[in-house]
Amino acid sequence: MLKRLSVFFALLMSIMSPPLVAATETLPVKAFASLPDTSQMRLSPNGMKVASLRRLETEERKGTIIEILDLETDKRTYPIYADNKKYEINWIAWANNKQMLVSAEFPAVRFGVPTTETRLLILDTHTKKTRNAIPKRYYDRFNYMPQIQDQIVDMLPKDDQHFLLQVDGYTPGDDTVYKVALNKSKIRMVQSSKPKIRSWMTDRQHNVRIGHHWEDTDYKIIHRFPGTKKWQTLWEFESFADNQAWPLGFAQNPDHLYVKALYKGKYAVFLVNLRDTNLEKKLIHHNEHYDIDGRLIYSQVEQKVVGITEPSNSGYTFWDEKYKAIQRSVSQGLPDTDNYITSMSQDERRFIILATNSTDPGMYLLADRDKNTMTPIGLRYSALDPKSMAVKQAISYKARDGLEIEGFLTLPHGQETHTKLPTIIFPHGGPISHNGNGFDYWTQFFANRGYAVLQMNFRGSSGYGHDFMKAGLKSWGLAMQDDVEDGTRWMIEQGYADPEKICIVGGSYGGYAALMGAVKTPDLYKCVVSFAGITDLARLVRSRQNYLSGEIVKEQIGSKRSDLKTRSPVNHAETISAPVLLIHGDKDRRVSVVQSRKMRNALQKARKDITYIELKDGSHYLSINKNRIATFEAMDNFLAEHLSN
């Protein structure tokens with residue numbers, strides 16, 4: 001269906017790609033640390049324009065811009081700029097061929113509680129004018145200003161004049177669904193709020209059909225049939241229970257609902273007939289070894305669900321034969337990468353492909369099924385040449401209690417056969433998340449500096465089944481930490497790591513694990529780096545009581561104060577012997593900067609070797625380019641100082 005890349009492709013790549021570098025060349029910090037050159041590439045419904053987020057780095061302005069590329073004229077326009085300080089662009093989406101929806105995010109404080117606020121803008125790509133999706137006069141009808149205003153319920157693909165949006169302007173957390181006009185300053189309520197219903201879902205006929213009820217640790221999925229007023233409960237369950245059933249979306253048949261639920265201990269995709277009083281689940285897709293996660297892929301042309309955005313060996317997972325054939329054709333043209341079809345025109349004749357793998361930071365291509373071509377139109381990180389990146393290999397080891405822990409080992413490019421290397425132990429954040437086999441700019445940065453890197457999916461990580469995830473509940477600093485230590489000792493036993501040159505590095509929960517590693521095994525690590533790390537569990541649990549997730553946090557971490565104190569690095573500063581680098585953004589809304597400030601104070605009081613960097617306007621995600629580069633430069637110098645010969 002699609003030809004292999006043409007001579008034009010090769011020529012264009014030679015223009016777009018940087019010169020090849022030697023395997024051992026140390027690249028500049030900013031090559032890894034800079035924000036992506038291009039991200040979130042989206043194709044307009046008619047397939048004639050491409051929108052994307054672009055990093056802007058000039059003397060006058062630094063931040064992120066929206067770029068609109070006209071594929072017919074090759075003209076580019078830049079209607080919106082964000083400095084990533086006052087606000088940043090969260091996501092973009094085409095509403096129709098002329099207008100886009102733009103989510104803006106910014107830090108704020110409500111009643112003394114730090115918050116993240118979002119607003120939704122309607123952008124006219126022709127005039128470059130923007131306005132708030134919710135007209136100003138409607139705010140007077142609310143009891144308060146809604147904090148989150150960018151939760152789309154339904155884009156209404158057959159109606160290019162409206163979309164459905166949910167906001168909670170009357171009772172905190174109880175959302176109302178509105179039909180928002182794109183060309184008029186008007187909204188109309190289509191579903192009133194109900195107590196504790198935190199989100200809504202429509203069917204393919206755009207009727208509000210599903211509500212998610214959430215109170216403390218209790219969940220209910222409620223439903224009603226079209227044309228009826230009565231709501232019924234489909235499923236009830238507790239957080240972290242094994243009988244959970246999460247709606248993913250409807251089939252074209254309004255009685256058929258796709259759900260995610262457990263199958264042989266792993267999350268899988270099922271289809272449920274809502275007319276069936278037993279709600280029997282028909283298995284649609286599963287993986288014997290890992291959980292299935294992702295969004296349904298729905299074809300407007302075929303009027304059916306054709307797959308899910310769960311990565312497979314070649315791209316997303318399609319279970320419809322027609323789309324499997326399209327994916328195979330793409331993979332034939334791009335045999336060395338995993339190729340994700342991320343955006344399609346309404347007629348599905350054109351689509352955007354993201355081609356990437358563990359050593360390739362990613363290229364966006366425009367595929368045209370009528371012309372049988374795939375044309376590169378953007379690189380995610382133009383300064384990083386795939387040929388110079390280090391290979392990430394899957395590994396596994398046994399924890400001390402016999403549990404198998406999977407992970408990834410990255411050895412410096414050109415040093416794959418070397419042993420006893422200076423080593424970075426790099427536990428992930430979350431902690432209910434996981435490391436995958438895709439491109440990771442942190443890991444590649446460390447490998448480029450000559451370090452071996454171990455990433456492990458310790459117990460409590462997602463993706464490995466319900467029991468594996470639950471094994472991490474209330475296990476911070478305990479068995480979860482043992483898994484990290486056991487991975488470190490595995491690196492030494494296998495001969496990869498020089499036992500005298502090991503540093504532990506992490507962000508968020510990973511920062512907590514790094515500090516706890518220095519507490520529990522002070523002689524194992526030569527140095528410690530914590531970015532936006534958690535240091536005081538009692539403070540974390542206490543601070544979350546102002547949020548809807550407060551009770552779930554207690555279930556995840558614990559609630560007994562004495563126990564939380566024992567498992568908090570801030571209370572064990574005197575035990576730490578390794579030099580510590582703490583980095584934190586002062587506008588972090590996921591993990592308060594107070595967490596690192598308290599750790600700094602405790603380490604200073606204990607007269608330890610501590611370097612502290614606080615990033616002005618910094619977020620949890622290093623969204624300001626200057627802060628990202630400063631963080632990587634600090635790590636570069638710190639690691640070189642403590643891991644050098």
# chains A, B, ... in the order shown; residues from 1 in each chain; ligands from 1
>>> residues_around(residues="Ile210 of chain A", least_positions_apart="3", cutoff="9 Å", atoms="only C-alpha atoms", output="ChimeraX atom specification")
/A:199-203,221-224,247
>>> residues_around(residues="Asn97 of chain A", least_positions_apart="3", cutoff="12 Å", atoms="only C-alpha atoms", output="PyMOL selection string")
chain A and resi 42-51+68+70+93-94+100-101+123-126+157+159-161+182+345-346
>>> closest_residue(among="A:Lys565, A:Lys598, A:His213, A:His642", to="Glu236 of chain A", atoms="only C-alpha atoms")
A:His213
>>> atom_distance(atom1="atom CA of Tyr381 of chain A", atom2="atom CA of Asp37 of chain A")
5.6 Å
>>> select_by_dssp(residues="segment 69-218 of chain A", states="strand (DSSP E)", output="ChimeraX atom specification")
/A:69-70,76-77,81-82,88-94,99-110,113-124,130-132,151-154,162-171,174-181,187-191,197-202,208-215,218
>>> atom_distance(atom1="atom CA of Lys392 of chain A", atom2="atom CA of Pro361 of chain A")
12.8 Å
>>> closest_residue(among="A:Pro195, A:Pro172, A:Gly378, A:Pro114", to="Arg54 of chain A", atoms="only C-alpha atoms")
A:Gly378
